[in-house]
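Peer 1: final-v3.cif is reproduced below (mmCIF, C-alpha atoms and all ligand atoms).
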```cif
data_data
#
loop_
_atom_site.label_atom_id
_atom_site.label_comp_id
_atom_site.auth_asym_id
_atom_site.auth_seq_id
_atom_site.Cartn_x
_atom_site.Cartn_y
_atom_site.Cartn_z
CA MET A 29 160.16 54.16 44.74
CA GLY A 30 163.39 56.02 45.72
CA ARG A 31 165.58 58.14 43.47
CA LYS A 32 167.77 56.12 41.09
CA ARG A 33 171.36 55.87 42.32
CA GLU A 34 174.11 57.18 40.07
CA VAL A 35 176.19 54.18 38.91
CA VAL A 36 179.91 54.87 39.05
CA VAL A 37 183.03 52.78 38.36
CA VAL A 38 186.31 53.74 40.04
CA THR A 39 189.55 52.00 39.07
CA GLY A 40 192.15 51.92 41.83
CA ALA A 41 189.31 52.15 44.36
CA SER A 42 191.14 50.38 47.20
CA ALA A 43 193.50 53.21 48.19
CA GLY A 44 194.69 56.78 47.69
CA VAL A 45 192.79 59.12 45.38
CA GLY A 46 190.49 56.31 44.25
CA ARG A 47 189.50 55.52 47.83
CA ALA A 48 188.84 59.19 48.64
CA THR A 49 186.80 59.48 45.44
CA VAL A 50 184.73 56.45 46.40
CA ARG A 51 183.97 58.12 49.75
CA GLU A 52 182.95 61.36 48.00
CA PHE A 53 180.52 59.56 45.65
CA ALA A 54 179.22 57.40 48.53
CA ARG A 55 178.38 60.58 50.45
CA HIS A 56 176.08 61.43 47.54
CA GLY A 57 174.44 57.99 47.63
CA ALA A 58 176.06 56.48 44.51
CA ALA A 59 176.21 52.80 43.56
CA ILE A 60 179.90 52.15 42.96
CA GLY A 61 181.85 49.41 41.20
CA LEU A 62 185.14 49.17 43.12
CA LEU A 63 188.00 47.96 40.90
CA ALA A 64 191.52 47.16 42.13
CA ARG A 65 193.59 44.08 43.02
CA GLY A 66 193.84 44.19 46.82
CA ARG A 67 190.80 42.54 48.37
CA GLU A 68 191.34 43.97 51.87
CA GLY A 69 191.40 47.55 50.61
CA LEU A 70 188.38 46.91 48.41
CA GLU A 71 186.42 45.38 51.29
CA GLY A 72 187.36 48.38 53.45
CA ALA A 73 186.05 50.68 50.72
CA ARG A 74 182.84 48.64 50.43
CA ARG A 75 182.18 48.95 54.17
CA GLU A 76 182.71 52.73 54.01
CA VAL A 77 180.34 53.09 51.06
CA GLU A 78 177.62 51.11 52.78
CA ALA A 79 178.08 53.04 56.04
CA ALA A 80 177.66 56.29 54.09
CA GLY A 81 174.40 55.07 52.57
CA GLY A 82 175.74 54.08 49.15
CA GLN A 83 175.90 50.71 47.42
CA ALA A 84 179.13 48.93 46.46
CA LEU A 85 180.32 46.02 44.36
CA VAL A 86 183.84 44.68 44.96
CA LEU A 87 185.64 43.57 41.80
CA VAL A 88 189.17 42.18 42.04
CA VAL A 89 190.71 43.32 38.77
CA ASP A 90 194.14 44.01 37.32
CA VAL A 91 193.53 46.96 34.98
CA ALA A 92 196.41 45.82 32.76
CA ASN A 93 194.19 42.91 31.72
CA PRO A 94 191.46 44.08 29.28
CA ASP A 95 189.39 40.90 29.71
CA GLN A 96 189.22 41.43 33.47
CA VAL A 97 188.23 45.08 32.99
CA GLU A 98 185.52 44.12 30.50
CA ALA A 99 184.16 41.36 32.76
CA ALA A 100 184.04 43.86 35.65
CA ALA A 101 182.09 46.39 33.55
CA GLN A 102 179.63 43.64 32.64
CA GLU A 103 179.20 42.67 36.29
CA VAL A 104 178.64 46.29 37.35
CA GLU A 105 175.85 46.68 34.80
CA GLU A 106 174.22 43.39 35.78
CA SER A 107 174.35 44.14 39.51
CA LEU A 108 174.07 47.94 39.78
CA GLY A 109 172.61 49.09 36.45
CA PRO A 110 173.81 51.16 33.46
CA ILE A 111 177.13 52.91 34.17
CA ASP A 112 176.75 56.71 34.35
CA ILE A 113 180.35 57.62 35.22
CA TRP A 114 183.63 55.76 34.67
CA ILE A 115 186.67 57.08 36.52
CA ASN A 116 190.10 55.98 35.27
CA ASN A 117 192.43 56.39 38.23
CA ALA A 118 194.56 53.25 38.92
CA MET A 119 198.29 53.74 38.57
CA THR A 120 201.66 52.34 39.35
CA SER A 121 205.20 53.66 38.94
CA VAL A 122 208.85 52.85 39.59
CA PHE A 123 210.98 55.54 41.25
CA SER A 124 214.34 55.06 39.54
CA PRO A 125 216.79 56.67 37.15
CA ILE A 126 216.11 55.46 33.58
CA LYS A 127 219.56 53.91 33.36
CA ARG A 128 218.65 51.44 36.13
CA MET A 129 215.15 50.57 34.88
CA THR A 130 214.41 47.28 33.09
CA ALA A 131 212.35 46.82 29.93
CA GLU A 132 209.80 44.77 31.94
CA GLU A 133 209.34 47.63 34.41
CA PHE A 134 208.66 50.13 31.62
CA LYS A 135 206.18 47.70 30.06
CA ARG A 136 204.35 47.06 33.33
CA VAL A 137 204.02 50.72 34.34
CA THR A 138 202.75 51.55 30.85
CA GLU A 139 200.26 48.68 30.86
CA VAL A 140 198.77 49.71 34.20
CA THR A 141 199.04 53.51 34.09
CA TYR A 142 198.32 54.13 30.40
CA LEU A 143 196.69 51.03 28.90
CA GLY A 144 194.60 50.55 32.04
CA TYR A 145 192.91 53.87 31.11
CA VAL A 146 192.48 52.75 27.50
CA TYR A 147 190.89 49.43 28.51
CA GLY A 148 188.59 51.17 30.98
CA THR A 149 187.54 53.66 28.30
CA LEU A 150 186.82 50.89 25.76
CA SER A 151 184.57 49.07 28.22
CA ALA A 152 182.82 52.33 29.16
CA LEU A 153 182.30 53.40 25.54
CA LYS A 154 180.92 50.00 24.59
CA ARG A 155 178.06 50.65 27.01
CA MET A 156 177.70 54.43 26.91
CA LEU A 157 177.74 55.07 23.14
CA PRO A 158 174.65 52.97 22.29
CA ARG A 159 172.77 54.85 25.07
CA ASP A 160 174.31 58.18 24.00
CA ARG A 161 175.01 59.21 27.58
CA GLY A 162 177.70 58.85 30.22
CA THR A 163 180.93 60.45 31.38
CA ILE A 164 184.51 59.20 31.42
CA VAL A 165 186.84 61.03 33.82
CA HIS A 166 190.60 60.61 33.52
CA VAL A 167 192.60 61.32 36.66
CA GLY A 168 195.61 63.16 35.29
CA SER A 169 198.59 64.94 36.70
CA ALA A 170 200.72 68.03 36.17
CA LEU A 171 203.24 65.37 35.10
CA ALA A 172 201.07 64.67 32.03
CA TYR A 173 202.55 67.94 30.74
CA ARG A 174 205.82 68.28 32.62
CA SER A 175 207.98 65.19 33.16
CA ILE A 176 210.27 65.00 36.15
CA PRO A 177 213.41 62.93 36.71
CA LEU A 178 213.24 59.50 38.42
CA GLN A 179 209.70 58.77 37.17
CA ALA A 180 210.11 58.35 33.38
CA ALA A 181 207.74 55.40 32.92
CA TYR A 182 204.99 57.07 34.94
CA CYS A 183 205.41 60.53 33.36
CA ALA A 184 205.43 59.05 29.85
CA SER A 185 202.26 57.07 30.68
CA LYS A 186 200.54 60.22 31.91
CA HIS A 187 201.56 62.04 28.70
CA ALA A 188 200.10 59.08 26.78
CA VAL A 189 196.83 59.38 28.70
CA LEU A 190 196.67 63.07 27.79
CA GLY A 191 197.21 62.24 24.09
CA PHE A 192 194.61 59.48 24.19
CA PHE A 193 192.13 61.74 25.98
CA ALA A 194 192.49 64.53 23.38
CA SER A 195 191.74 62.08 20.54
CA LEU A 196 188.79 60.65 22.44
CA ARG A 197 187.29 64.06 23.18
CA THR A 198 187.75 65.15 19.57
CA GLU A 199 185.99 62.05 18.26
CA LEU A 200 183.09 62.46 20.68
CA LEU A 201 182.73 66.11 19.63
CA HIS A 202 182.89 65.12 15.95
CA ASP A 203 180.11 62.57 16.48
CA GLN A 204 178.07 65.14 18.46
CA SER A 205 177.88 62.49 21.14
CA HIS A 206 176.30 63.07 24.52
CA VAL A 207 179.02 60.92 26.04
CA HIS A 208 181.53 63.29 27.62
CA THR A 209 185.12 63.03 28.76
CA THR A 210 187.22 65.32 30.93
CA MET A 211 190.63 65.18 32.64
CA VAL A 212 191.66 66.45 36.06
CA GLN A 213 195.36 67.42 36.31
CA MET A 214 196.31 66.79 39.92
CA PRO A 215 198.99 68.37 42.10
CA ALA A 216 201.10 66.33 44.57
CA LEU A 217 198.85 64.34 46.90
CA ASN A 218 199.26 62.60 50.23
CA THR A 219 198.45 58.99 49.22
CA PRO A 220 199.98 55.58 50.05
CA GLN A 221 201.74 55.64 46.66
CA PHE A 222 205.04 56.87 48.07
CA GLY A 223 205.32 54.03 50.57
CA TRP A 224 204.53 51.16 48.20
CA VAL A 225 205.74 52.03 44.71
CA LYS A 226 208.89 50.12 43.76
CA SER A 227 211.82 52.43 44.44
CA ARG A 228 215.53 52.60 43.84
CA LEU A 229 215.86 55.97 45.53
CA PRO A 230 218.37 56.03 48.39
CA ARG A 231 215.98 57.98 50.62
CA LYS A 232 212.22 57.67 51.21
CA ALA A 233 210.03 58.95 48.37
CA GLN A 234 207.70 61.91 48.79
CA PRO A 235 205.31 63.88 46.57
CA VAL A 236 206.93 67.13 45.39
CA PRO A 237 205.53 69.83 47.74
CA PRO A 238 203.11 71.56 48.08
CA ILE A 239 201.16 68.46 49.04
CA TYR A 240 197.36 68.23 49.12
CA GLN A 241 195.14 65.67 50.79
CA PRO A 242 193.46 63.15 48.48
CA GLU A 243 190.09 64.63 49.52
CA VAL A 244 190.96 67.72 47.43
CA ALA A 245 191.42 65.41 44.43
CA ALA A 246 188.18 63.58 45.23
CA ARG A 247 186.16 66.81 45.33
CA ALA A 248 187.67 67.90 42.01
CA ILE A 249 186.86 64.53 40.42
CA TYR A 250 183.29 64.62 41.71
CA TYR A 251 182.79 68.13 40.34
CA ALA A 252 184.41 67.28 36.99
CA ALA A 253 182.25 64.16 36.65
CA HIS A 254 179.16 66.36 36.92
CA HIS A 255 180.49 69.21 34.75
CA PRO A 256 182.25 67.20 32.03
CA LYS A 257 181.86 69.63 29.12
CA ARG A 258 184.93 71.48 30.32
CA ARG A 259 188.08 69.94 28.83
CA GLU A 260 190.35 69.95 31.89
CA TYR A 261 190.47 70.89 35.54
CA TYR A 262 193.51 72.14 37.49
CA PRO A 263 192.69 71.91 41.19
CA ALA A 264 195.85 73.60 42.56
CA TRP A 265 198.16 76.46 41.69
CA SER A 266 201.26 74.20 41.76
CA ALA A 267 199.80 72.13 38.90
CA ILE A 268 198.87 75.26 36.93
CA ARG A 269 202.39 76.68 37.40
CA ALA A 270 204.08 73.44 36.30
CA ILE A 271 201.87 73.07 33.22
CA PHE A 272 201.98 76.63 31.94
CA GLY A 273 205.55 77.33 33.07
CA ASN A 274 206.64 74.33 31.04
CA LYS A 275 204.76 75.56 27.98
CA LEU A 276 206.59 78.89 28.18
CA VAL A 277 210.14 77.81 29.08
CA PRO A 278 210.56 74.02 28.82
CA SER A 279 214.35 74.08 28.66
CA ILE A 280 214.65 76.28 31.75
CA ALA A 281 212.28 73.84 33.49
CA ASP A 282 214.58 70.93 32.48
CA HIS A 283 217.58 72.67 34.05
CA TYR A 284 215.60 73.64 37.15
CA LEU A 285 214.38 70.04 37.66
CA ALA A 286 217.86 68.63 36.98
CA ARG A 287 219.02 70.69 39.97
CA SER A 288 216.03 70.31 42.31
CA GLY A 289 214.00 67.30 41.10
CA TYR A 290 216.05 64.56 42.78
CA ASP A 291 216.03 66.11 46.23
CA SER A 292 212.41 67.31 46.13
CA GLN A 293 211.20 63.73 45.60
CA GLN A 294 212.96 62.35 48.69
CA TYR A 295 212.89 63.00 52.44
CA ASP A 296 213.63 61.63 55.87
CA GLY A 297 216.50 59.16 55.72
CA ALA A 298 217.11 55.81 54.03
CA ASP A 299 214.29 53.76 52.55
CA ASP A 300 214.10 50.02 53.34
CA PRO A 301 215.33 48.35 50.14
CA ASN A 302 213.33 45.21 51.01
CA ARG A 303 209.97 46.84 51.70
CA PRO A 304 207.08 45.30 49.71
CA HIS A 305 206.06 47.08 46.49
CA ASN A 306 202.93 47.00 44.34
CA LEU A 307 204.28 46.71 40.80
CA TRP A 308 203.17 43.15 40.07
CA GLU A 309 200.94 42.27 43.03
CA PRO A 310 199.01 44.37 45.55
CA VAL A 311 200.60 45.02 48.94
CA PRO A 312 198.48 43.15 51.56
CA GLY A 313 196.32 45.13 53.99
CA ASP A 314 193.92 48.06 53.86
CA HIS A 315 195.93 51.24 53.26
CA GLY A 316 193.11 53.78 53.10
CA ALA A 317 193.22 57.08 51.28
CA ARG A 318 196.04 58.99 52.95
CA GLY A 319 199.79 58.45 53.06
CA ASP A 320 202.45 59.55 55.57
CA PHE A 321 202.28 63.31 54.95
CA ASP A 322 199.27 64.41 56.98
CA LYS A 323 201.23 67.11 58.81
CA ARG A 324 202.35 68.73 55.56
CA ALA A 325 199.21 68.31 53.45
CA TYR A 326 196.54 70.93 52.72
CA LEU A 327 192.91 69.93 52.98
CA ARG A 328 191.70 72.90 50.91
CA SER A 329 192.73 74.53 47.67
CA SER A 330 191.62 78.03 46.70
CA GLU A 331 192.16 77.15 43.03
CA LEU A 332 189.74 74.23 43.36
CA TRP A 333 187.27 76.59 44.99
CA ALA A 334 187.66 78.97 42.04
CA GLU A 335 187.37 76.09 39.53
CA THR A 336 184.12 74.93 41.10
CA HIS A 337 182.60 78.41 41.58
CA VAL A 338 183.17 79.88 38.13
CA ALA A 339 179.55 81.10 37.94
CA TRP A 340 179.87 82.88 41.32
CA LEU A 341 183.15 84.47 40.29
CA ALA A 342 181.67 85.61 36.96
CA ALA A 343 178.64 87.05 38.79
CA ALA A 344 180.90 88.81 41.32
CA ALA A 345 183.07 90.20 38.50
CA GLY A 346 179.92 91.35 36.66
CA LEU A 347 178.62 93.07 39.79
CA GLY A 348 182.04 94.67 40.27
CA VAL A 349 182.03 96.07 36.72
CA LEU A 350 178.45 97.27 37.15
CA GLY A 351 179.30 98.94 40.46
CA THR A 352 182.34 100.69 38.95
CA MET A 353 180.26 101.94 36.03
CA LEU A 354 177.52 103.25 38.31
CA ALA A 355 180.07 105.00 40.54
CA PHE A 356 181.73 106.49 37.46
CA PHE A 357 178.50 107.86 36.00
CA ARG A 358 177.36 109.18 39.38
CA ARG A 359 180.55 111.23 39.66
CA THR A 360 180.58 112.36 36.01
CA PRO A 361 179.05 115.84 35.47
CA GLY A 362 176.02 115.40 33.25
CA ALA A 363 175.70 111.76 34.12
CA GLY A 364 172.13 110.62 33.78
CA THR A 365 171.46 113.15 30.97
CA ARG A 366 170.94 111.87 27.48
CA PRO A 367 174.11 111.48 25.35
CA GLU A 368 173.07 114.07 22.77
CA LYS A 369 172.67 116.66 25.58
CA ILE A 370 176.23 115.97 26.74
CA LEU A 371 177.46 116.37 23.18
CA ARG A 372 175.61 119.66 22.79
CA LYS A 373 177.01 120.94 26.09
CA THR A 374 180.59 120.07 25.17
CA ALA A 375 180.30 121.22 21.52
N1 LIG B 1 199.68 60.97 44.68
C1 LIG B 1 200.07 61.97 43.91
O1 LIG B 1 200.93 62.79 44.26
C2 LIG B 1 199.43 62.15 42.56
C3 LIG B 1 199.75 63.32 41.85
C4 LIG B 1 199.18 63.54 40.62
C5 LIG B 1 198.31 62.60 40.09
N2 LIG B 1 198.01 61.45 40.80
C6 LIG B 1 197.11 60.48 40.16
O2 LIG B 1 196.14 60.02 41.07
C7 LIG B 1 195.77 58.69 40.72
C8 LIG B 1 195.86 57.82 41.94
O3 LIG B 1 197.17 57.88 42.47
P1 LIG B 1 197.44 57.56 43.99
O4 LIG B 1 198.52 58.46 44.44
O5 LIG B 1 196.16 57.51 44.71
O6 LIG B 1 198.07 56.09 43.88
P2 LIG B 1 198.17 54.96 44.99
O7 LIG B 1 198.04 55.53 46.35
O8 LIG B 1 199.40 54.19 44.67
O9 LIG B 1 196.89 54.06 44.69
C9 LIG B 1 196.86 53.38 43.46
C10 LIG B 1 195.56 52.63 43.31
O10 LIG B 1 195.64 51.91 42.07
C11 LIG B 1 195.45 50.53 42.33
N3 LIG B 1 196.26 49.73 41.41
C12 LIG B 1 197.60 49.72 41.26
N4 LIG B 1 197.95 48.86 40.31
C13 LIG B 1 196.80 48.30 39.85
C14 LIG B 1 196.50 47.34 38.86
N5 LIG B 1 197.45 46.73 38.16
N6 LIG B 1 195.20 47.02 38.64
C15 LIG B 1 194.22 47.58 39.37
N7 LIG B 1 194.44 48.52 40.30
C16 LIG B 1 195.72 48.86 40.54
C17 LIG B 1 195.87 50.34 43.78
O11 LIG B 1 195.21 49.22 44.38
P3 LIG B 1 195.73 47.72 44.42
O12 LIG B 1 197.18 47.76 44.73
O13 LIG B 1 194.87 47.16 45.50
O14 LIG B 1 195.45 47.13 43.08
C18 LIG B 1 195.34 51.62 44.40
O15 LIG B 1 193.96 51.49 44.66
C19 LIG B 1 196.72 58.25 39.60
O16 LIG B 1 196.07 58.34 38.36
C20 LIG B 1 197.86 59.24 39.70
O17 LIG B 1 198.47 59.44 38.47
C21 LIG B 1 198.55 61.21 42.02
#
```
Show me the file's structure as structure tokens.
Ligand SMILES: NC(=O)c1ccc[n+]([C@@H]2O[C@H](COP(=O)([O-])OP(=O)(O)OC[C@H]3O[C@@H](n4cnc5c(N)ncnc54)[C@H](OP(=O)(O)O)[C@@H]3O)[C@@H](O)[C@H]2O)c1
Peer 2:
Amino acid sequence: MGRKREVVVVTGASAGVGRATVREFARHGAAIGLLARGREGLEGARREVEAAGGQALVLVVDVANPDQVEAAAQEVEESLGPIDIWINNAMTSVFSPIKRMTAEEFKRVTEVTYLGYVYGTLSALKRMLPRDRGTIVHVGSALAYRSIPLQAAYCASKHAVLGFFASLRTELLHDQSHVHTTMVQMPALNTPQFGWVKSRLPRKAQPVPPIYQPEVAARAIYYAAHHPKRREYYPAWSAIRAIFGNKLVPSIADHYLARSGYDSQQYDGADDPNRPHNLWEPVPGDHGARGDFDKRAYLRSSELWAETHVAWLAAAAGLGVLGTMLAFFRRTPGAGTRPEKILRKTA
């Protein structure tokens, strides 16, 4: 009998970060429940998983509907087995100044981007807590700490996820549970998001540079899912700078973003005001993992390397300290003699 496959659920598996994450887990032979609305993207993901040697189950689900999420969790367990890892990732947004947003748009973005995570977590906990094992990963953002203009509904939803996550982690710790949760705070990523989110921006939307490929996010998520005792991961310096800079000088950050935050989210001429968007329904087609920013996106992040090689870095630092001490004692007159002898000599 072969080794048991890890059973993983990914929400928003059809495109972007979710799609790249599916590929990363498939590479490691996982059995994956693929949740999203767009069937073509989900079928594309399923084919990739199977080609990589994994196993996949396509589940057409709107994460804003808790009954659909719960039914999907049930189907994953019946078809693939007990869920080991649940990854909350699906999102939507509206790029618009607040003054032009509608109440329905705020409600929808919140239901998908925040409540979608809550519903996923409830379905995961329902199964993981009785078994006292499992991991829930929340795909976060630097914008969970630092809001930017033109994305209020999304930023507020990401803040809400962070608040929900902190309560969840605290309760699991209180209960001494072996179910773990962790959150990965992403930098700007080259995903289809910027070409299909509903937008009222005059120019085309872009992630605020520096931009990373979704594979960087996928590697961070995979690592976090297997090292979930750590509270949070920050896979790029830009995310670290935004989060900690905002903690230190939030008002200066407000003024800075008021000046730069409109322009840095747009590029390259007028957007088509009639292009399809994904707020209520999926955009037809298979859109894959990457967006339009290949030429400007980094495939590696030294911060992610550091995050995932903490033990190596600690060992290297330890060796460095040891080496310095040895060199110091070798050069010190009397080094190698017993301390009391040194004292006697210098007395
Ligand atoms: N891209 C960035 O710059 C960036 C930066 C920081 C953090 N992140 C985080 O990364 C995660 C993924 O973002 P992304 O950029 O990959 O987004 P994306 O390219 O727009 O992909 C979103 C995914 O969510 C799915 N989705 C959207 N609405 C849904 C709904 N109602 N129900 C079920 N699935 C739904 C989409 O598939 P369907 O349309 O087929 O349903 C798609 O698979 C999010 O949590 C986001 O906050 C992204």
Peer 1: Might you pull out every residue within 10 Å of range 293-295 of chain A, with only C-alpha atoms counted and same-chain residues fewer than 3 positions away left off, and present them as a list of chain:residue names?
Peer 2: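 Residues meeting the cut-off are A:Phe123, A:Ile176, A:Pro177, A:Leu178, A:Gln179, A:Phe222, A:Leu229, A:Pro230, A:Arg231, A:Lys232, A:Ala233, A:Gln234, A:Pro235, A:Val236, A:Pro237, A:Ser288, A:Gly289, A:Tyr290, A:Ala298, A:Asp299.
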Peer 1: Give as a VMD selection string the residues surrounding ligand LIG 1 (chain B) up to a distance of 6 Å, considering only C-alpha atoms and all ligand atoms.
Peer 2: chain A and resid 40 to 46 64 to 66 89 to 92 117 to 120 140 167 to 169 214 to 221 235 306 310
Peer 1: From the set A:Glu331, A:Glu243, A:Asp291, A:Glu139, which residue has the shortest atom-to-atom contact distance to Val50 in chain A, counting only C-alpha atoms?
Peer 2: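 Checking each of A:Glu331, A:Glu243, A:Asp291, A:Glu139 against Val50 in chain A, counting only C-alpha atoms, the winner is A:Glu243.
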Peer 1: As an MDAnalysis selection string, please: the residues near Arg74 in chain A (cut-off 12 Å, all atoms listed in the file, same-chain neighbours under 5 positions excluded).
Peer 2: chainID A and resid 41:43 47 50:51 54 58:63 67:69 79:87 314 316
Peer 1: For the residues selected in the previous step, produce a file with C-alpha atoms as a CSV table (one decimal), in the coordinates of the input.
Peer 2:
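That gives us part_31.csv:
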```csv
chain,number,residue,atom,x,y,z
A,41,ALA,CA,189.3,52.2,44.4
A,42,SER,CA,191.1,50.4,47.2
A,43,ALA,CA,193.5,53.2,48.2
A,47,ARG,CA,189.5,55.5,47.8
A,50,VAL,CA,184.7,56.4,46.4
A,51,ARG,CA,184.0,58.1,49.8
A,54,ALA,CA,179.2,57.4,48.5
A,58,ALA,CA,176.1,56.5,44.5
A,59,ALA,CA,176.2,52.8,43.6
A,60,ILE,CA,179.9,52.2,43.0
A,61,GLY,CA,181.8,49.4,41.2
A,62,LEU,CA,185.1,49.2,43.1
A,63,LEU,CA,188.0,48.0,40.9
A,67,ARG,CA,190.8,42.5,48.4
A,68,GLU,CA,191.3,44.0,51.9
A,69,GLY,CA,191.4,47.6,50.6
A,79,ALA,CA,178.1,53.0,56.0
A,80,ALA,CA,177.7,56.3,54.1
A,81,GLY,CA,174.4,55.1,52.6
A,82,GLY,CA,175.7,54.1,49.2
A,83,GLN,CA,175.9,50.7,47.4
A,84,ALA,CA,179.1,48.9,46.5
A,85,LEU,CA,180.3,46.0,44.4
A,86,VAL,CA,183.8,44.7,45.0
A,87,LEU,CA,185.6,43.6,41.8
A,314,ASP,CA,193.9,48.1,53.9
A,316,GLY,CA,193.1,53.8,53.1
```
Peer 1: Extract, using all atoms listed in the file, all DNA, RNA and protein residues at most 9 Å from Ser330 in chain A, discarding same-chain residues fewer than 4 positions from it, and format them as a ChimeraX atom specification.
Peer 2: /A:263-265,334-335
Peer 1: Can you list, as a PDB file with C-alpha atoms, in the coordinates of the input, every protein, DNA or RNA residue that comes within 7 Å of Ile249 in chain A when you count all atoms listed in the file, leaving out same-chain residues fewer than 4 positions away?
Peer 2:
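Ended up saving to selection-v4.pdb:
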```pdb
ATOM      1  CA  VAL A 212     191.660  66.450  36.060  1.00  0.00           C
ATOM      2  CA  ALA A 245     191.420  65.410  44.430  1.00  0.00           C
ATOM      3  CA  ALA A 253     182.250  64.160  36.650  1.00  0.00           C
TER       4      ALA A 253
END
```
Peer 1: Can you list, as a VMD selection string, every protein, DNA or RNA residue that comes within 8 Å of Ala180 in chain A when you count all atoms listed in the file, leaving out same-chain residues fewer than 5 positions away?
Peer 2: chain A and resid 125 to 126 175
Peer 1: I'd like the interatomic distance between CA of Trp308 in chain A and CA of Lys127 in chain A, to a tenth of an Å.
Peer 2: 20.7 Å
Peer 1: Rounded to one decimal, what separation in Å do you get between CA of Thr138 in chain A and CA of Ser121 in chain A?
Peer 2: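 These two atoms are separated by 8.7 Å.
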Peer 1: Kindly indicate which residue among A:Ile268, A:Ile115, A:His166, A:Val37 lies nearest to Glu103 in chain A, using all atoms listed in the file for the distances.
Peer 2: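 Checking each candidate against Glu103 in chain A, we get A:Val37 as the closest.
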Peer 1: Just the number, please: distance in Å from CA of Phe192 in chain A to CA of Val146 in chain A, one decimal.
Peer 2: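 Going from CA of Phe192 in chain A over to CA of Val146 in chain A covers 7.8 Å.
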Peer 1: May I ask which of the residues A:Ala181, A:Asp282, A:Leu350, A:Ala267 is the closest one to Phe134 in chain A, counting all atoms listed in the file?
Peer 2: A:Ala181
Peer 1: Up to 7 Å from (188.9, 66.8, 37.5) in the file's coordinates: name the residues, counting all atoms listed in the file, as a list in words.
Peer 2: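 Output: Val167, Thr210, Met211, Val212, Gln213, Ala248, Ile249, Tyr251, Ala252, Glu260 and Tyr261 of chain A.
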Peer 1: With distances taken over all atoms listed in the file, which of A:Arg228, A:Gly297, A:Leu70, A:Ala270 is nearest to Pro312 in chain A?
Peer 2: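 Looking at the shortest contact to Pro312 in chain A, the residue is A:Leu70.
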Peer 1: Smallest atom-to-atom distance to Ser205 in chain A: which of A:Leu347, A:Leu157, A:Ala317, A:Val244, using all atoms listed in the file?
Peer 2: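 Smallest distance to Ser205 in chain A is found for A:Leu157.
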Peer 1: Which centre and edge lengths in Å to one decimal define the box along x, y and z that fits every listed atom of range 229-246 of chain A plus 5 Å per side, as AutoDock Vina command-line options?
Peer 2:
```
--center_x 203.3 --center_y 63.8 --center_z 47.8 --size_x 40.2 --size_y 25.6 --size_z 16.8
```
Peer 1: Missing atoms in range 265-277 of chain A should be modelled up to N, CA and C atoms and reported as a PDB file, in the coordinates of the input.
Peer 2:
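Saved the output as rebuild-v8.pdb:
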```pdb
ATOM      1  N   TRP A 265     197.268  75.516  42.374  1.00  0.00           N
ATOM      2  CA  TRP A 265     198.160  76.460  41.690  1.00  0.00           C
ATOM      3  C   TRP A 265     199.471  75.778  41.267  1.00  0.00           C
ATOM      4  N   SER A 266     199.978  74.852  42.090  1.00  0.00           N
ATOM      5  CA  SER A 266     201.260  74.200  41.760  1.00  0.00           C
ATOM      6  C   SER A 266     201.151  73.457  40.424  1.00  0.00           C
ATOM      7  N   ALA A 267     199.985  72.840  40.174  1.00  0.00           N
ATOM      8  CA  ALA A 267     199.800  72.130  38.900  1.00  0.00           C
ATOM      9  C   ALA A 267     199.720  73.137  37.745  1.00  0.00           C
ATOM     10  N   ILE A 268     199.008  74.232  37.978  1.00  0.00           N
ATOM     11  CA  ILE A 268     198.870  75.260  36.930  1.00  0.00           C
ATOM     12  C   ILE A 268     200.254  75.815  36.576  1.00  0.00           C
ATOM     13  N   ARG A 269     201.056  76.103  37.611  1.00  0.00           N
ATOM     14  CA  ARG A 269     202.390  76.680  37.400  1.00  0.00           C
ATOM     15  C   ARG A 269     203.285  75.710  36.620  1.00  0.00           C
ATOM     16  N   ALA A 270     203.233  74.428  36.987  1.00  0.00           N
ATOM     17  CA  ALA A 270     204.080  73.440  36.300  1.00  0.00           C
ATOM     18  C   ALA A 270     203.676  73.317  34.832  1.00  0.00           C
ATOM     19  N   ILE A 271     202.356  73.287  34.583  1.00  0.00           N
ATOM     20  CA  ILE A 271     201.870  73.070  33.220  1.00  0.00           C
ATOM     21  C   ILE A 271     202.177  74.277  32.330  1.00  0.00           C
ATOM     22  N   PHE A 272     201.820  75.468  32.803  1.00  0.00           N
ATOM     23  CA  PHE A 272     201.980  76.630  31.940  1.00  0.00           C
ATOM     24  C   PHE A 272     203.420  77.144  31.937  1.00  0.00           C
ATOM     25  N   GLY A 273     204.126  76.978  33.055  1.00  0.00           N
ATOM     26  CA  GLY A 273     205.550  77.330  33.070  1.00  0.00           C
ATOM     27  C   GLY A 273     206.304  76.495  32.047  1.00  0.00           C
ATOM     28  N   ASN A 274     205.970  75.219  31.988  1.00  0.00           N
ATOM     29  CA  ASN A 274     206.640  74.330  31.040  1.00  0.00           C
ATOM     30  C   ASN A 274     206.330  74.684  29.597  1.00  0.00           C
ATOM     31  N   LYS A 275     205.104  75.148  29.350  1.00  0.00           N
ATOM     32  CA  LYS A 275     204.760  75.560  27.980  1.00  0.00           C
ATOM     33  C   LYS A 275     205.602  76.748  27.552  1.00  0.00           C
ATOM     34  N   LEU A 276     205.869  77.650  28.506  1.00  0.00           N
ATOM     35  CA  LEU A 276     206.590  78.890  28.180  1.00  0.00           C
ATOM     36  C   LEU A 276     208.094  78.646  28.056  1.00  0.00           C
ATOM     37  N   VAL A 277     208.673  77.941  29.035  1.00  0.00           N
ATOM     38  CA  VAL A 277     210.140  77.810  29.080  1.00  0.00           C
ATOM     39  C   VAL A 277     210.545  76.368  29.417  1.00  0.00           C
TER      40      VAL A 277
END
```
